[in-house]
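Have a look at final.csv; it's CSV, C-alpha atoms and all ligand atoms:
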chain,number,residue,atom,x,y,z
C,1,MET,CA,116.0,144.3,120.7
C,2,ALA,CA,113.9,142.1,118.5
C,3,THR,CA,115.4,141.5,115.0
C,4,LYS,CA,114.5,139.0,112.3
C,5,ASP,CA,116.8,136.3,113.5
C,6,GLU,CA,115.7,136.3,117.1
C,7,THR,CA,111.9,136.3,117.0
C,8,ASN,CA,110.5,135.4,113.5
C,9,PRO,CA,108.6,132.2,113.2
C,10,THR,CA,109.6,129.5,110.7
C,11,GLU,CA,107.2,128.3,108.0
C,12,THR,CA,105.1,125.2,108.5
C,13,GLU,CA,104.7,122.9,105.5
C,14,SER,CA,101.3,124.3,104.6
C,15,ASP,CA,102.6,127.9,105.2
C,16,GLU,CA,105.4,127.1,102.8
C,17,SER,CA,103.0,126.2,100.1
C,18,THR,CA,100.8,129.2,100.7
C,19,ILE,CA,103.8,131.6,100.7
C,20,THR,CA,105.0,130.1,97.4
C,21,GLN,CA,101.5,130.6,95.9
C,22,ILE,CA,101.4,134.2,97.2
C,23,PHE,CA,104.7,135.1,95.5
C,24,ASP,CA,103.8,133.2,92.4
C,25,VAL,CA,100.5,135.2,92.1
C,26,VAL,CA,102.3,138.5,92.6
C,27,ALA,CA,105.0,137.6,90.0
C,28,ARG,CA,102.4,136.6,87.5
C,29,ALA,CA,100.3,139.7,88.2
C,30,ALA,CA,103.3,142.0,87.7
C,31,PRO,CA,103.2,142.2,83.9
C,32,GLU,CA,99.5,142.9,84.0
C,33,ILE,CA,100.1,145.7,86.6
C,34,ARG,CA,102.9,147.1,84.5
C,35,SER,CA,100.9,147.0,81.2
C,36,GLY,CA,97.9,148.7,82.9
C,37,LEU,CA,99.9,151.7,84.1
C,38,PRO,CA,100.0,154.0,81.0
C,39,GLY,CA,96.3,154.6,80.9
C,40,ARG,CA,96.0,155.2,84.6
C,41,ARG,CA,98.2,158.2,85.3
C,42,ILE,CA,95.3,160.2,86.5
C,43,TYR,CA,94.2,160.9,90.0
C,44,ALA,CA,91.4,158.8,91.5
C,45,GLU,CA,88.4,160.4,93.2
C,46,GLU,CA,89.5,159.4,96.7
C,47,ASP,CA,92.6,159.9,98.8
C,48,ASN,CA,94.2,156.8,100.4
C,49,PRO,CA,93.7,156.1,104.1
C,50,SER,CA,96.9,158.0,104.8
C,51,GLY,CA,95.4,161.1,103.2
C,52,GLU,CA,97.6,160.9,100.2
C,53,THR,CA,96.4,161.5,96.6
C,54,GLN,CA,95.4,158.1,95.1
C,55,MET,CA,96.0,157.4,91.4
C,56,GLU,CA,93.9,155.2,89.2
C,57,ALA,CA,96.9,153.0,88.9
C,58,ASP,CA,97.0,152.5,92.7
C,59,VAL,CA,93.3,151.3,92.7
C,60,TYR,CA,93.9,149.1,89.6
C,61,ALA,CA,96.9,147.3,91.1
C,62,ASP,CA,95.2,147.0,94.5
C,63,ASP,CA,91.9,145.5,93.1
C,64,LEU,CA,93.9,143.0,91.0
C,65,LEU,CA,96.1,141.9,93.9
C,66,CYS,CA,93.2,141.7,96.4
C,67,GLU,CA,91.3,139.4,94.1
C,68,ARG,CA,94.2,137.1,93.2
C,69,ILE,CA,95.8,136.9,96.7
C,70,GLY,CA,92.4,136.7,98.4
C,71,ASP,CA,91.5,133.6,96.2
C,72,ILE,CA,94.5,131.6,97.6
C,73,ASP,CA,93.1,129.0,100.1
C,74,GLY,CA,95.7,129.5,102.7
C,75,VAL,CA,95.3,133.3,102.9
C,76,GLY,CA,92.9,134.6,105.6
C,77,GLU,CA,93.3,138.4,105.5
C,78,TYR,CA,94.3,141.0,102.9
C,79,ALA,CA,95.2,144.5,103.8
C,80,SER,CA,96.5,147.3,101.6
C,81,GLU,CA,97.9,150.8,101.9
C,82,GLU,CA,95.0,151.8,99.7
C,83,ARG,CA,92.2,150.4,101.9
C,84,PRO,CA,90.9,151.7,105.2
C,85,ALA,CA,90.2,148.2,106.6
C,86,VAL,CA,91.4,144.6,106.5
C,87,ILE,CA,89.6,142.3,104.1
C,88,ASP,CA,88.6,138.9,105.6
C,89,THR,CA,89.3,136.2,102.9
C,90,GLY,CA,88.8,133.0,105.0
C,91,SER,CA,91.4,131.4,107.2
C,92,GLY,CA,95.2,131.3,107.1
C,93,LEU,CA,98.0,133.7,106.7
C,94,SER,CA,97.7,137.5,106.6
C,95,VAL,CA,99.0,139.5,103.6
C,96,CYS,CA,99.8,143.2,103.6
C,97,VAL,CA,100.4,144.9,100.3
C,98,ASP,CA,101.5,148.3,99.1
C,99,PRO,CA,100.2,147.7,95.6
C,100,LEU,CA,102.1,150.5,93.9
C,101,ASP,CA,104.8,152.1,96.0
C,102,GLY,CA,105.9,155.4,94.5
C,103,SER,CA,102.9,155.8,92.2
C,104,SER,CA,103.8,159.6,92.0
C,105,ASN,CA,106.7,158.4,89.9
C,106,LEU,CA,104.3,157.3,87.2
C,107,LYS,CA,104.1,160.8,85.5
C,108,PRO,CA,107.9,161.2,85.2
C,109,ASN,CA,108.2,157.5,84.3
C,110,ASN,CA,110.5,156.6,87.1
C,111,THR,CA,110.7,153.3,89.1
C,112,MET,CA,107.8,152.0,91.2
C,113,GLY,CA,107.2,148.8,93.2
C,114,THR,CA,104.8,146.4,94.7
C,115,ILE,CA,105.5,145.4,98.3
C,116,VAL,CA,104.2,142.2,99.9
C,117,ALA,CA,104.5,141.1,103.6
C,118,VAL,CA,103.2,137.7,104.8
C,119,TYR,CA,102.4,137.3,108.5
C,120,ASP,CA,101.1,134.3,110.5
C,121,ALA,CA,99.0,136.6,112.7
C,122,PRO,CA,96.0,138.9,112.3
C,123,ILE,CA,96.6,142.4,110.8
C,124,PRO,CA,97.9,144.7,112.2
C,125,ALA,CA,100.6,142.2,112.9
C,126,THR,CA,104.0,142.8,114.5
C,127,GLY,CA,107.4,142.4,112.8
C,128,ALA,CA,108.0,139.3,114.9
C,129,ASP,CA,105.0,137.7,113.1
C,130,MET,CA,106.5,138.1,109.7
C,131,LEU,CA,107.1,134.9,107.7
C,132,ALA,CA,108.3,136.3,104.4
C,133,ALA,CA,108.4,139.5,102.4
C,134,ALA,CA,109.0,140.5,98.8
C,135,TYR,CA,108.9,143.5,96.4
C,136,VAL,CA,108.4,143.8,92.7
C,137,LEU,CA,110.5,146.6,91.0
C,138,TYR,CA,109.1,148.1,87.8
C,139,GLY,CA,112.3,149.3,86.4
C,140,ALA,CA,114.1,148.9,83.0
C,141,THR,CA,113.2,145.2,83.6
C,142,THR,CA,110.7,143.8,86.0
C,143,THR,CA,112.3,142.0,89.0
C,144,MET,CA,111.1,140.5,92.3
C,145,ILE,CA,113.1,140.3,95.5
C,146,VAL,CA,112.0,137.6,97.9
C,147,ALA,CA,113.1,137.2,101.5
C,148,ARG,CA,112.1,133.9,103.0
C,149,ASP,CA,113.9,131.0,104.8
C,150,ASP,CA,116.7,133.3,105.9
C,151,THR,CA,117.8,134.1,102.3
C,152,VAL,CA,117.2,136.7,99.7
C,153,THR,CA,116.6,135.8,96.0
C,154,GLU,CA,116.1,138.0,92.9
C,155,TYR,CA,113.9,136.9,90.1
C,156,VAL,CA,113.5,138.4,86.6
C,157,ILE,CA,109.8,138.4,85.5
C,158,GLN,CA,109.1,138.0,81.8
C,159,GLU,CA,106.2,139.7,79.9
C,160,ASP,CA,104.2,136.5,80.0
C,161,GLY,CA,104.6,136.3,83.9
C,162,GLU,CA,107.1,133.5,83.8
C,163,TYR,CA,110.0,134.2,86.2
C,164,GLU,CA,113.4,132.8,87.0
C,165,ALA,CA,116.0,133.3,89.8
C,166,VAL,CA,118.9,135.3,88.6
C,167,ARG,CA,120.7,136.1,92.0
C,168,GLU,CA,120.6,133.9,95.1
C,169,ASP,CA,121.7,134.4,98.7
C,170,ILE,CA,122.0,138.1,98.2
C,171,THR,CA,123.8,140.1,100.9
C,172,LEU,CA,124.6,143.8,101.1
C,173,PRO,CA,128.1,144.5,99.8
C,174,ASP,CA,130.6,145.1,102.6
C,175,ASP,CA,131.7,148.4,101.2
C,176,PRO,CA,128.7,150.7,101.0
C,177,THR,CA,128.6,153.3,98.2
C,178,VAL,CA,125.1,154.9,97.9
C,179,TYR,CA,122.7,156.9,100.1
C,180,GLY,CA,119.2,158.2,99.6
C,181,PHE,CA,117.5,160.5,102.2
C,182,GLY,CA,113.8,161.4,101.9
C,183,GLY,CA,111.9,164.4,103.1
C,184,ARG,CA,112.8,168.1,102.6
C,185,VAL,CA,116.1,169.1,104.1
C,186,PRO,CA,114.7,172.0,106.2
C,187,ASP,CA,112.3,169.6,107.7
C,188,TRP,CA,115.0,167.2,109.0
C,189,VAL,CA,115.8,167.2,112.7
C,190,GLU,CA,119.2,168.5,113.7
C,191,SER,CA,120.7,165.1,114.6
C,192,PHE,CA,119.7,163.6,111.2
C,193,THR,CA,121.0,166.7,109.4
C,194,GLU,CA,124.4,166.3,111.1
C,195,TYR,CA,124.4,162.6,110.2
C,196,ALA,CA,123.4,163.3,106.6
C,197,ARG,CA,126.2,166.0,106.2
C,198,ASP,CA,128.7,163.4,107.5
C,199,ILE,CA,127.6,160.8,104.9
C,200,GLU,CA,127.5,163.4,102.1
C,201,SER,CA,131.1,164.4,102.9
C,202,ASP,CA,132.3,160.8,102.6
C,203,ALA,CA,134.1,160.6,99.3
C,204,SER,CA,133.2,156.9,99.0
C,205,MET,CA,129.4,157.6,99.0
C,206,LYS,CA,127.2,159.0,96.3
C,207,LEU,CA,123.6,160.2,96.2
C,208,ARG,CA,120.9,157.9,94.8
C,209,TYR,CA,117.3,159.0,95.5
C,210,GLY,CA,114.5,158.3,93.1
C,211,GLY,CA,111.3,159.1,95.1
C,212,SER,CA,110.1,155.5,95.2
C,213,MET,CA,111.3,153.6,98.3
C,214,ILE,CA,111.5,150.3,96.4
C,215,GLY,CA,113.8,151.7,93.7
C,216,ASP,CA,116.0,153.3,96.3
C,217,VAL,CA,116.1,150.3,98.6
C,218,ASN,CA,117.0,148.1,95.6
C,219,GLN,CA,120.1,150.4,95.1
C,220,ILE,CA,121.1,149.7,98.8
C,221,LEU,CA,120.6,146.0,98.3
C,222,THR,CA,122.8,146.1,95.2
C,223,TYR,CA,125.5,148.5,96.1
C,224,GLY,CA,125.4,148.8,99.9
C,225,GLY,CA,124.7,152.0,101.7
C,226,ILE,CA,121.7,153.6,103.5
C,227,PHE,CA,118.2,154.6,102.7
C,228,ALA,CA,116.3,156.8,105.1
C,229,TYR,CA,112.9,158.4,105.2
C,230,PRO,CA,113.6,160.1,108.5
C,231,THR,CA,111.7,161.5,111.4
C,232,LEU,CA,110.8,165.1,110.5
C,233,GLN,CA,110.3,168.2,112.7
C,234,ASP,CA,106.5,168.4,111.9
C,235,SER,CA,106.0,164.6,111.7
C,236,PRO,CA,108.2,162.7,114.1
C,237,GLU,CA,106.8,159.3,112.7
C,238,GLY,CA,108.1,160.2,109.3
C,239,LYS,CA,106.0,159.2,106.2
C,240,LEU,CA,106.3,155.5,105.6
C,241,ARG,CA,103.8,152.9,106.9
C,242,VAL,CA,104.9,150.2,109.4
C,243,GLN,CA,102.8,147.4,108.0
C,244,PHE,CA,103.2,148.0,104.3
C,245,GLU,CA,106.7,149.5,104.0
C,246,GLY,CA,108.7,149.5,107.2
C,247,TYR,CA,108.3,145.8,108.3
C,248,PRO,CA,108.8,144.2,104.8
C,249,VAL,CA,111.7,146.4,103.9
C,250,GLY,CA,113.3,145.9,107.3
C,251,TYR,CA,112.8,142.1,107.0
C,252,ILE,CA,114.3,142.0,103.5
C,253,ILE,CA,117.4,144.1,104.4
C,254,GLU,CA,118.0,142.2,107.7
C,255,THR,CA,117.7,138.9,105.8
C,256,ALA,CA,120.4,140.2,103.5
C,257,GLY,CA,122.7,140.8,106.4
C,258,GLY,CA,122.0,144.5,106.8
C,259,ARG,CA,120.2,146.4,109.6
C,260,SER,CA,117.0,148.3,109.9
C,261,SER,CA,116.0,150.9,112.4
C,262,ASP,CA,113.3,153.4,113.4
C,263,GLY,CA,116.2,155.5,114.9
C,264,GLU,CA,116.4,153.4,118.1
C,265,GLN,CA,115.5,149.8,117.3
C,266,SER,CA,115.0,147.3,114.5
C,267,LEU,CA,112.0,148.2,112.4
C,268,LEU,CA,110.7,144.6,113.2
C,269,ALA,CA,110.6,145.6,116.9
C,270,VAL,CA,108.3,148.6,116.2
C,271,GLU,CA,104.8,148.0,117.6
C,272,LYS,CA,101.9,150.1,116.5
C,273,ASP,CA,98.2,149.2,116.9
C,274,GLU,CA,96.9,151.3,114.1
C,275,LEU,CA,96.8,149.7,110.6
C,276,HIS,CA,98.2,152.7,108.8
C,277,ALA,CA,100.6,153.8,111.5
C,278,ARG,CA,103.9,155.4,110.3
C,279,THR,CA,107.5,155.0,111.3
C,280,PRO,CA,110.8,156.6,110.4
C,281,VAL,CA,112.7,154.1,108.2
C,282,TYR,CA,116.4,153.6,108.1
C,283,VAL,CA,117.8,150.6,106.3
C,284,GLY,CA,121.3,149.6,105.1
C,285,ASN,CA,124.7,148.5,106.1
C,286,GLU,CA,125.2,147.7,109.8
C,287,GLU,CA,127.9,150.3,110.5
C,288,LEU,CA,125.8,153.1,108.9
C,289,ILE,CA,122.8,152.2,110.9
C,290,GLU,CA,124.8,151.9,114.2
C,291,LYS,CA,126.3,155.4,113.4
C,292,LEU,CA,122.8,156.8,112.9
C,293,GLU,CA,121.4,155.3,116.1
C,294,ALA,CA,124.4,156.7,118.0
C,295,ALA,CA,123.6,160.2,116.5
C,296,PHE,CA,120.0,160.0,117.7
C,297,ALA,CA,121.1,158.6,121.1
C,298,GLU,CA,122.9,161.8,121.8
C,299,ASP,CA,119.6,163.8,121.6
W,301,LIG,P1,108.8,162.1,98.9
W,301,LIG,C1,106.2,157.1,97.7
W,301,LIG,O1,105.1,158.0,97.7
W,301,LIG,C2,106.7,156.9,99.1
W,301,LIG,O2,105.7,156.4,99.9
W,301,LIG,C3,107.9,156.1,99.1
W,301,LIG,O3,107.9,155.1,98.1
W,301,LIG,C4,109.1,157.1,98.9
W,301,LIG,O4,110.3,156.6,99.5
W,301,LIG,C5,108.5,158.3,99.5
W,301,LIG,O5,107.1,158.2,99.6
W,301,LIG,C6,108.9,159.6,98.7
W,301,LIG,O6,108.4,160.7,99.4
W,301,LIG,O7,108.5,163.0,100.1
W,301,LIG,O8,110.3,162.1,98.6
W,301,LIG,O9,107.9,162.4,97.7
With the file now loaded, output its structure as structure tokens.
Ligand code: P6P
Amino acid sequence: MATKDETNPTETESDESTITQIFDVVARAAPEIRSGLPGRRIYAEEDNPSGETQMEADVYADDLLCERIGDIDGVGEYASEERPAVIDTGSGLSVCVDPLDGSSNLKPNNTMGTIVAVYDAPIPATGADMLAAAYVLYGATTTMIVARDDTVTEYVIQEDGEYEAVREDITLPDDPTVYGFGGRVPDWVESFTEYARDIESDASMKLRYGGSMIGDVNQILTYGGIFAYPTLQDSPEGKLRVQFEGYPVGYIIETAGGRSSDGEQSLLAVEKDELHARTPVYVGNEELIEKLEAAFAED
């Protein structure tokens, strides 16, 4: 079973510089993305390649990040959840972006995020090709979580784009306390429903689900627990995208000492050829993921 520690490449010196530039560009773009949201709470003319309603804010964030990241010399490809095809930007590393994860939260003014995955292979890459991953969280403050070099760091980003590390070597707490499960309960498959009922009846666990994966995963990273957007009866692959959501979040949580799964294996072991392929996503503390995989193994 491929997980981050067994198969992921280490950075070369030039890769290290490129990755630093990528995350620097993303951090400095975050305040511009955030300040451009209020006027863009309207729906764009097109749906995204996954057939989901696209908001003007999605297009705005994607255009800004495509230009800035594409201008970095060491970046060869840019792909986005909002674009049907990979953009060739020269030679070097490949970058996959979900420019505004959870943009449907814009209207109710809830959290949203920007997800960035860096691979040293052409897109669609595999989880084993991942070099580093990060997400920006647009919450009460703007923060960025970066997983690279086998460690997870949190940065606070100021309004001028300057940022500083505030938490280093982040690991999931040993005693998990929160859970968040996506999808409609009647659409869950039986084994997940039974698993969810078991978690819900655990007096040490409380519900935290905000409708934007990055906000919910950041709760897991902070308090320990499990986030799931599970397989559903009418869509066994769930909702979330492998390249733009599953791989980066799986990489970040595994780097922080947690586990990720598609129900059977690490998310980083999932192999799908299609750029916008989906996967069930389960991330969190090891014992909760093992329990979940055991529940599905009984099917
Ligand atoms: P639902 C946001 O649209 C997203 O892709 C993830 O960020 C989030 O976890 C999920 O979909 C929310 O989906 O069905 O709860 O609206």
Find the nearest atom pair between each residue of chain C and ligand LIG 301 (chain W) for residues within 9 Å, count all atoms listed in the file, give distances in Å to one decimal, sort rows by chain and ascending number, and present the table as CSV.
residue,atom,partner,partner_atom,distance
C:Glu52,CA,W:LIG301,O1,8.4
C:Leu100,CA,W:LIG301,O3,8.5
C:Asp101,CA,W:LIG301,O3,4.8
C:Gly102,CA,W:LIG301,C1,3.6
C:Ser103,CA,W:LIG301,O1,6.3
C:Ser104,CA,W:LIG301,O1,6.1
C:Asn105,CA,W:LIG301,C1,7.9
C:Met112,CA,W:LIG301,O3,7.6
C:Gly113,CA,W:LIG301,O3,8.0
C:Phe181,CA,W:LIG301,O8,8.2
C:Gly182,CA,W:LIG301,O8,4.9
C:Gly183,CA,W:LIG301,O7,4.7
C:Arg184,CA,W:LIG301,O7,7.1
C:Tyr209,CA,W:LIG301,O8,8.3
C:Gly210,CA,W:LIG301,O4,7.8
C:Gly211,CA,W:LIG301,C6,4.4
C:Ser212,CA,W:LIG301,O3,3.7
C:Met213,CA,W:LIG301,O4,3.4
C:Ile214,CA,W:LIG301,O3,6.2
C:Gly215,CA,W:LIG301,O3,8.1
C:Asp216,CA,W:LIG301,O4,7.3
C:Val217,CA,W:LIG301,O4,8.6
C:Phe227,CA,W:LIG301,O4,8.8
C:Ala228,CA,W:LIG301,O4,8.2
C:Tyr229,CA,W:LIG301,O4,6.5
C:Lys239,CA,W:LIG301,O5,6.8
C:Leu240,CA,W:LIG301,O2,5.8
C:Arg241,CA,W:LIG301,O2,8.1
C:Glu245,CA,W:LIG301,O2,8.1
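Using all atoms listed in the file for every distance, the candidate list C:Glu168, C:Glu194, C:Glu274, C:Asp24 yields C:Glu274 as the residue closest to Ser50 of chain C.
Proximity to Glu254 of chain C was assessed for C:Ala147, C:Ile157, C:Val242, C:Leu232 counting only C-alpha atoms; the smallest distance is recorded for C:Ala147.
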Which residues are near Val249 of chain C? Cut-off 8 Å, only C-alpha atoms, ignore same chain within fewer than 3 positions. Put them as an MDAnalysis selection string. chainID C and resid 133 217 245:246 252:253 283
Export, as a PDB file, in the frame of the given file, the selected residues with C-alpha atoms.
ATOM      1  CA  ALA C 133     108.400 139.500 102.400  1.00  0.00           C
ATOM      2  CA  VAL C 217     116.100 150.300  98.600  1.00  0.00           C
ATOM      3  CA  GLU C 245     106.700 149.500 104.000  1.00  0.00           C
ATOM      4  CA  GLY C 246     108.700 149.500 107.200  1.00  0.00           C
ATOM      5  CA  ILE C 252     114.300 142.000 103.500  1.00  0.00           C
ATOM      6  CA  ILE C 253     117.400 144.100 104.400  1.00  0.00           C
ATOM      7  CA  VAL C 283     117.800 150.600 106.300  1.00  0.00           C
TER       8      VAL C 283
END
Could you check which of C:Thr20, C:Thr279, C:Thr151, C:Asn48 is closest to Glu237 of chain C, using all atoms listed in the file? C:Thr279
Between atom CA of Trp188 of chain C and atom CA of Tyr43 of chain C - distance in Å to one decimal: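 Going from atom CA of Tyr43 of chain C over to atom CA of Trp188 of chain C, I get 28.9 Å.
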Can you measure atom CA of Asn218 of chain C to atom CA of Asp71 of chain C for me? One decimal in Å is fine. 29.3 Å
Closest to Tyr247 of chain C among C:Glu159, C:Glu32, C:Asp129, C:Glu82, using only C-alpha atoms?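 That would be C:Asp129, the residue with the smallest distance to Tyr247 of chain C.
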Mind checking which residues fall within 8 Å of segment 262-269 of chain C, counting only C-alpha atoms, ignoring those fewer than 3 positions away in the same chain, and posting them as an MDAnalysis selection string? chainID C and resid 1:4 126:128 242 246:247 250:251 259 279:282 292:293 296:297
Could you state the separation of atom CA of Ser91 of chain C and atom CA of Pro248 of chain C in Å, given to one decimal place?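 Separating atom CA of Ser91 of chain C from atom CA of Pro248 of chain C is a distance of 21.7 Å.
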For Ile170 of chain C, please output as an MDAnalysis selection string all residues within 12 Å (counting all atoms listed in the file; exclusion window: fewer than 3 positions along the same chain). chainID C and resid 145:148 150:155 165:167 173:174 218 220:224 252:258
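Closest approach to Ala121 of chain C from the set C:Glu287, C:Asp47, C:Glu164, C:Glu77 is made by C:Glu77, with distances taken over only C-alpha atoms.
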Segment 56-62 of chain C: which residues within 10 Å, counting all atoms listed in the file, same-chain residues fewer than 5 positions away excluded, as a count of residues only? 33
Pick out the residues sitting within 12 Å of Ser204 of chain C, and hand them over as an MDAnalysis selection string; count only C-alpha atoms, and ignore anything fewer than 3 positions along from it in its own chain. chainID C and resid 175:179 198:201 207 223:225
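If only C-alpha atoms are the atoms counted, then among C:Met55, C:Thr12, C:Lys272, C:Gln243 the closest residue to Ser94 of chain C is C:Gln243.
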